[in-house]
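Here the structure comes first, spelled out in structure tokens, and everything after it is commentary.
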Amino acid sequence: AEGATDPELALEKMGLLIKDENGITHATVAGLLLCSHSPEQWLPNACISATCYRGTDRASEQIDAQTITGPLNRQIAEAVAFAVRNMRVGAYKNPARTDLPQYSEKALFEAIVNAVAHRDYEIRGSRIRLSMFTDRLEINSPGGLPNNLTIESMDVRQSTRNEALTSMLGRMSVGNIRGSDDRQFFMERRGDGVPIIFRETKALSGESAQYQLIDGSDLVLTIPAADTEPTPATAGILARHSGTPLPGIELLVLFPNETWRRATTDENGNTQIDLHTTHLPMTVFAAAPGFAAHLEKDWIPAKGGLAIEMQSLHDGGSVIFPEATGNIPGLSGYLNPKRDTGDRTYLYASNIAINKGQPQPVHFIFGENLRLTDTHGRELLVRIVAIVGKSALIEYRPYTKGDEQ
């Protein structure tokens with residue numbers, strides 16, 4: 001209420017204004033960066049130098065270049081727009097058109113927000129550099145890592161040197177900037193940016209983004225470019241048990257971006273799957289009644305076919321939910337297991353009691369036994385083995401009295 005009647009006091013509390021020892025009010029660095037139309041008038045290096053090169057180094061011809069100035073929200077928007085307009089985008093049909101961009105717009109947005117929020121504005125003569133090459137994108141941000149943060153811990157810890165700035169970015173409306181998706185503010189959950197950059201880059205290119213500290217004073221993020229040309233090929237998968245080929249095994253082959261192709265093995269235990277690329281690390285779900293769920297990670301089809309050894313599961317089996325919701329043989333009702341962007345896992349069920357009526361959603365860990373009871377009193381023990389995107393791999397068996405111990 002006090003801030004509503006005294007705007008100057010409110011701005012002081014937000015860290016945008018400060019009084020000096022003589023009682024004179026001045027804008028803080030955060031205040032200049034967020035509220036001035038031209039913060040570079042007072043902070044000459046508070047801007048972004050964006051350059052797109054024709055080759056793989058700075059000696060290459062420049063295709064596009066821009067010095068991006070203005071308040072930070074404008075700098076973020078223009079830097080993302082610069083990267084989006086200069087990256088290549090391919091496509092393939094499956095059956096509708098699917099784009100193959102060099103970079104994830106979501107990763108670009110997070111990377112640029114992090115750069116402007118966490119750089120050291122006290123370093124003179126150094127500005128953020130956004131450099132695009134044919135094989136990668138680099139963001140060079142002035143300043144080392146704050147508060148004992150390390151390169152290795154960046155994806156699990158969060159720290160900042162510009163508290164007022166990050167606090168305000170957490171309350172500023174993001175508008176419709178490319179890559180911001182459905183978020184409302186520039187920085188909604190602190191610590192999420194780096195994991196998003198890593199996850200989105202891996203999903204698109206199959207390679208990892210990397211941070212590097214140069215001379216302790218410059219932080220460089222390198223995002224590898226994804227291949228924009230589809231390389232369609234057919235990949236083979238063989239399913240067997242104790243050396244015997246298994247027909248009827250359900251397979252779900254998931255790309256790193258969480259799209260998928262579905263197949264079933266033939267009478268010889270084989271299947272051939274058409275893929276738009278064979279160079280990305282794939283995840284494979286395999287399931288069937290009478291067999292335990294099989295999870296295969298990081299299969300790269302270009303290196304050869306995949307042989308899956310299924311394990312028998314007496315009186316039980318496994319099933320795949322390609323699109324979030326499904327049912328389990330022998331149990332009426334539907335299950336909807338979820339894994340959110342924070343890697344939290346929880347289960348909803350329709351007309352099924354979970355763990356004797358535990359309130360939903362029920363949080364679980366992968367591999368945990370969940371007791372499910374349907375409206376007919378039938379009971380199963382269910383284990384959710386994996387969730388990738390909306391797709392889930394689930395294992396089940398009858399519930400027995402011995403399971404109560």
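Naming scheme: A, B, ... for chains in displayed order of the structure tokens; residues 1 onward per chain; ligands 1 onward as shown.
These are the residues of stretch 174-266 of chain A assigned alpha helix (DSSP H) by DSSP from backbone coordinates: Gly193, Val194, Pro195, Ile196, Ile197, Phe198, Arg199, Glu200, Thr201, Lys202, Ala203, Leu204 and Ser205 of chain A.
Residues in contact range of stretch 300-311 of chain A, defined as at most 7 Å between only C-alpha atoms, with sequence neighbours fewer than 2 positions away removed, read A:Ala235, A:Gly236, A:Ile237, A:Leu238, A:Ala239, A:Arg240, A:His241, A:Thr278, A:His279, A:Leu280, A:Pro281, A:Met282, A:Phe291, A:Ala292, A:His294, A:Asp298, A:Leu313.
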May I have the selected residues written with C-alpha atoms, as a tab-separated table (two decimals), in the first residue's frame?
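Result saved to part11.tsv:
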chain	number	residue	atom	x	y	z
A	235	ALA	CA	16.34	-49.51	-39.45
A	236	GLY	CA	15.93	-53.09	-38.30
A	237	ILE	CA	14.98	-54.39	-34.84
A	238	LEU	CA	15.00	-58.05	-33.74
A	239	ALA	CA	13.18	-59.26	-30.61
A	240	ARG	CA	13.90	-62.66	-29.08
A	241	HIS	CA	13.77	-64.68	-25.87
A	278	THR	CA	19.44	-42.61	-38.39
A	279	HIS	CA	22.09	-40.45	-36.71
A	280	LEU	CA	20.21	-39.37	-33.58
A	281	PRO	CA	20.21	-41.36	-30.32
A	282	MET	CA	16.87	-43.16	-30.10
A	291	PHE	CA	7.07	-60.38	-21.04
A	292	ALA	CA	8.71	-57.73	-18.88
A	294	HIS	CA	12.25	-53.56	-22.13
A	298	ASP	CA	20.76	-44.18	-26.94
A	313	LEU	CA	7.08	-62.39	-16.78
Could you give me, as CSV, a per-residue list for stretch 207-273 of chain A showing, wherever an atom lies at most 8 Å from an atom of stretch 190-201 of chain A, the closest pair of atoms and their distance in Å to one decimal, using only C-alpha atoms and sorting by chain then residue number from low to high?
residue,atom,partner,partner_atom,distance
A:Glu207,CA,A:Thr201,CA,6.8
A:Ser208,CA,A:Phe198,CA,6.2
A:Ala209,CA,A:Phe198,CA,5.6
A:Ile223,CA,A:Thr201,CA,7.0
A:Pro224,CA,A:Thr201,CA,7.5
A:Asn257,CA,A:Glu200,CA,7.6
I need the residues from that last selection saved to file as a PDB file, in the first residue's frame (with C-alpha atoms), if you can.
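Contents of the output file result.pdb:
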ATOM      1  CA  GLU A 207      24.595 -33.462 -29.364  1.00  0.00           C
ATOM      2  CA  SER A 208      25.081 -31.585 -26.114  1.00  0.00           C
ATOM      3  CA  ALA A 209      25.315 -27.844 -25.601  1.00  0.00           C
ATOM      4  CA  ILE A 223      25.011 -24.827 -29.168  1.00  0.00           C
ATOM      5  CA  PRO A 224      25.742 -27.323 -31.972  1.00  0.00           C
ATOM      6  CA  ASN A 257      12.480 -34.587 -29.688  1.00  0.00           C
TER       7      ASN A 257
END
Exercise. Using only C-alpha atoms, which residues sit within 8 Å of A:Cys35 once same-chain residues fewer than 3 positions away are excluded, as a PyMOL selection string?
Worked result: chain A and resi 31-32+71
Preceding selection exported with C-alpha atoms as a JSON list (two decimals), in the first residue's frame:
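See result32.json below for the written result:
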[["chain", "number", "residue", "atom", "x", "y", "z"],
["A", 31, "GLY", "CA", 16.89, 0.39, -13.33],
["A", 32, "LEU", "CA", 18.85, 1.65, -16.33],
["A", 71, "PRO", "CA", 16.06, -2.06, -22.58]]
For this session: Write out as a ChimeraX atom specification each polymer residue whose atoms come within 6 Å of A:Ile352, counting only C-alpha atoms; drop sequence neighbours fewer than 6 positions from it.
Result: /A:333,373-374
Exercise. What is the distance, in Å and to one decimal place, between atom CA of A:Lys390 and atom CA of A:Ala324?
Worked result: 4.7 Å
Exercise. Quick one: distance from atom CA of A:Tyr53 to atom CA of A:Val80 in Å, one decimal?
Worked result: 16.5 Å
Closest contacts (stretch 71-140 of chain A/stretch 61-65 of chain A, max 12 Å, only C-alpha atoms) as JSON lines:
{"residue": "A:Ala79", "atom": "CA", "partner": "A:Ala65", "partner_atom": "CA", "distance": 10.9}
{"residue": "A:Phe82", "atom": "CA", "partner": "A:Asp64", "partner_atom": "CA", "distance": 8.8}
{"residue": "A:Ala83", "atom": "CA", "partner": "A:Asp64", "partner_atom": "CA", "distance": 10.2}
{"residue": "A:Arg85", "atom": "CA", "partner": "A:Asp64", "partner_atom": "CA", "distance": 9.9}
{"residue": "A:Asn86", "atom": "CA", "partner": "A:Asp64", "partner_atom": "CA", "distance": 7.8}
{"residue": "A:Met87", "atom": "CA", "partner": "A:Asp64", "partner_atom": "CA", "distance": 11.2}
{"residue": "A:Arg129", "atom": "CA", "partner": "A:Ala65", "partner_atom": "CA", "distance": 10.9}
{"residue": "A:Leu130", "atom": "CA", "partner": "A:Ala65", "partner_atom": "CA", "distance": 9.7}
{"residue": "A:Ser131", "atom": "CA", "partner": "A:Ala65", "partner_atom": "CA", "distance": 9.3}
{"residue": "A:Met132", "atom": "CA", "partner": "A:Asp64", "partner_atom": "CA", "distance": 9.5}
{"residue": "A:Phe133", "atom": "CA", "partner": "A:Gln62", "partner_atom": "CA", "distance": 9.6}
{"residue": "A:Thr134", "atom": "CA", "partner": "A:Ile63", "partner_atom": "CA", "distance": 11.0}
Write out the residues from the selection above, keeping N, CA and C atoms, as a PDB file, in the first residue's frame.
ATOM      1  N   ALA A  79      17.455 -10.217 -30.207  1.00  0.00           N
ATOM      2  CA  ALA A  79      18.505 -11.233 -30.340  1.00  0.00           C
ATOM      3  C   ALA A  79      17.920 -12.574 -30.763  1.00  0.00           C
ATOM      4  N   PHE A  82      17.023 -12.280 -34.389  1.00  0.00           N
ATOM      5  CA  PHE A  82      18.222 -12.348 -35.230  1.00  0.00           C
ATOM      6  C   PHE A  82      18.613 -13.806 -35.468  1.00  0.00           C
ATOM      7  N   ALA A  83      18.652 -14.593 -34.401  1.00  0.00           N
ATOM      8  CA  ALA A  83      19.048 -15.996 -34.534  1.00  0.00           C
ATOM      9  C   ALA A  83      18.043 -16.785 -35.365  1.00  0.00           C
ATOM     10  N   ARG A  85      15.964 -15.709 -37.740  1.00  0.00           N
ATOM     11  CA  ARG A  85      15.951 -15.377 -39.170  1.00  0.00           C
ATOM     12  C   ARG A  85      17.219 -15.842 -39.884  1.00  0.00           C
ATOM     13  N   ASN A  86      18.291 -16.090 -39.145  1.00  0.00           N
ATOM     14  CA  ASN A  86      19.546 -16.495 -39.780  1.00  0.00           C
ATOM     15  C   ASN A  86      19.822 -17.994 -39.716  1.00  0.00           C
ATOM     16  N   MET A  87      19.002 -18.748 -39.001  1.00  0.00           N
ATOM     17  CA  MET A  87      19.258 -20.187 -38.965  1.00  0.00           C
ATOM     18  C   MET A  87      18.544 -20.876 -40.128  1.00  0.00           C
ATOM     19  N   ARG A 129      28.282 -11.246 -27.004  1.00  0.00           N
ATOM     20  CA  ARG A 129      28.453 -11.525 -28.433  1.00  0.00           C
ATOM     21  C   ARG A 129      27.649 -12.770 -28.806  1.00  0.00           C
ATOM     22  N   LEU A 130      26.771 -12.607 -29.760  1.00  0.00           N
ATOM     23  CA  LEU A 130      26.012 -13.716 -30.335  1.00  0.00           C
ATOM     24  C   LEU A 130      26.595 -13.994 -31.712  1.00  0.00           C
ATOM     25  N   SER A 131      27.202 -15.157 -31.874  1.00  0.00           N
ATOM     26  CA  SER A 131      27.890 -15.493 -33.127  1.00  0.00           C
ATOM     27  C   SER A 131      27.312 -16.771 -33.704  1.00  0.00           C
ATOM     28  N   MET A 132      26.886 -16.701 -34.969  1.00  0.00           N
ATOM     29  CA  MET A 132      26.324 -17.865 -35.646  1.00  0.00           C
ATOM     30  C   MET A 132      27.275 -18.320 -36.746  1.00  0.00           C
ATOM     31  N   PHE A 133      27.645 -19.594 -36.692  1.00  0.00           N
ATOM     32  CA  PHE A 133      28.490 -20.203 -37.708  1.00  0.00           C
ATOM     33  C   PHE A 133      27.684 -21.299 -38.402  1.00  0.00           C
ATOM     34  N   THR A 134      28.246 -21.898 -39.431  1.00  0.00           N
ATOM     35  CA  THR A 134      27.498 -22.926 -40.157  1.00  0.00           C
ATOM     36  C   THR A 134      27.268 -24.174 -39.315  1.00  0.00           C
TER      37      THR A 134
END
For this session: Go through stretch 53-165 of chain A and collect every residue that DSSP, computed from the backbone, puts in strand (DSSP E); the answer should be as a PyMOL selection string.
Result: chain A and resi 53+62-68+89-93+97-101+128-132+136-142
Residues near A:Ser180, anyone? I mean within 12 Å using only C-alpha atoms, not counting same-chain ones fewer than 4 positions away, as an mmCIF file with C-alpha atoms, in the first residue's frame.
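Ended up saving to selection.cif:
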data_model
loop_
_atom_site.group_PDB
_atom_site.id
_atom_site.type_symbol
_atom_site.label_atom_id
_atom_site.label_comp_id
_atom_site.auth_asym_id
_atom_site.auth_seq_id
_atom_site.Cartn_x
_atom_site.Cartn_y
_atom_site.Cartn_z
ATOM 1 C CA ILE A 76 16.163 -10.339 -25.755
ATOM 2 C CA ALA A 77 13.399 -10.123 -28.371
ATOM 3 C CA VAL A 80 16.122 -14.188 -30.584
ATOM 4 C CA ALA A 81 14.687 -12.746 -33.816
ATOM 5 C CA SER A 104 15.532 -24.948 -30.846
ATOM 6 C CA GLU A 105 13.818 -21.577 -30.438
ATOM 7 C CA LYS A 106 13.148 -22.484 -26.823
ATOM 8 C CA ALA A 107 16.865 -23.091 -26.200
ATOM 9 C CA LEU A 108 17.737 -19.813 -27.933
ATOM 10 C CA PHE A 109 15.309 -17.871 -25.756
ATOM 11 C CA GLU A 110 16.622 -19.389 -22.524
ATOM 12 C CA ALA A 111 20.251 -18.890 -23.552
ATOM 13 C CA ILE A 112 19.782 -15.207 -24.360
ATOM 14 C CA VAL A 113 17.735 -14.506 -21.222
ATOM 15 C CA SER A 173 5.593 -10.045 -19.084
ATOM 16 C CA VAL A 174 7.360 -11.837 -21.923
ATOM 17 C CA GLY A 175 4.796 -11.062 -24.618
ATOM 18 C CA ASN A 176 5.043 -13.125 -27.808
ATOM 19 C CA GLN A 184 4.145 -15.530 -18.812
ATOM 20 C CA PHE A 185 7.383 -13.978 -17.525
ATOM 21 C CA PHE A 186 10.987 -13.867 -18.734
ATOM 22 C CA MET A 187 12.298 -15.902 -15.791
ATOM 23 C CA GLU A 188 9.554 -17.965 -14.192
ATOM 24 C CA GLY A 193 17.143 -22.248 -18.054
ATOM 25 C CA ILE A 196 16.098 -26.523 -20.882
#
Just the residues within 7 Å of A:Pro398, please, counting only C-alpha atoms, with nothing from its chain fewer than 6 positions along; format it as a PDB file with C-alpha atoms, in the first residue's frame.
ATOM      1  CA  ASP A 315       1.139 -64.133 -15.293  1.00  0.00           C
ATOM      2  CA  GLY A 316       2.039 -60.555 -16.166  1.00  0.00           C
ATOM      3  CA  GLU A 379      -6.092 -55.897  -8.660  1.00  0.00           C
ATOM      4  CA  LEU A 380      -2.726 -55.566 -10.372  1.00  0.00           C
ATOM      5  CA  LEU A 381       0.723 -54.417  -9.352  1.00  0.00           C
TER       6      LEU A 381
END
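Distances from A:Asp6, A:Glu267, A:Glu368, A:Glu323 to A:Thr244 were compared using only C-alpha atoms, and the smallest one belongs to A:Glu267.
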Problem set entry | Who sits within 7 Å of A:Ala117, only C-alpha atoms, same chain under 6 positions skipped, as a ChimeraX atom specification | /A:162,165-166
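Distances from A:Ser126, A:Ser332, A:Thr98, A:Thr150 to A:His276 were compared using only C-alpha atoms, and the smallest one belongs to A:Thr98.
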Exercise. From the set A:Pro322, A:Pro289, A:Gly206, A:Gly377, which residue has the shortest atom-to-atom contact distance to A:Phe255, counting only C-alpha atoms?
Worked result: A:Gly206
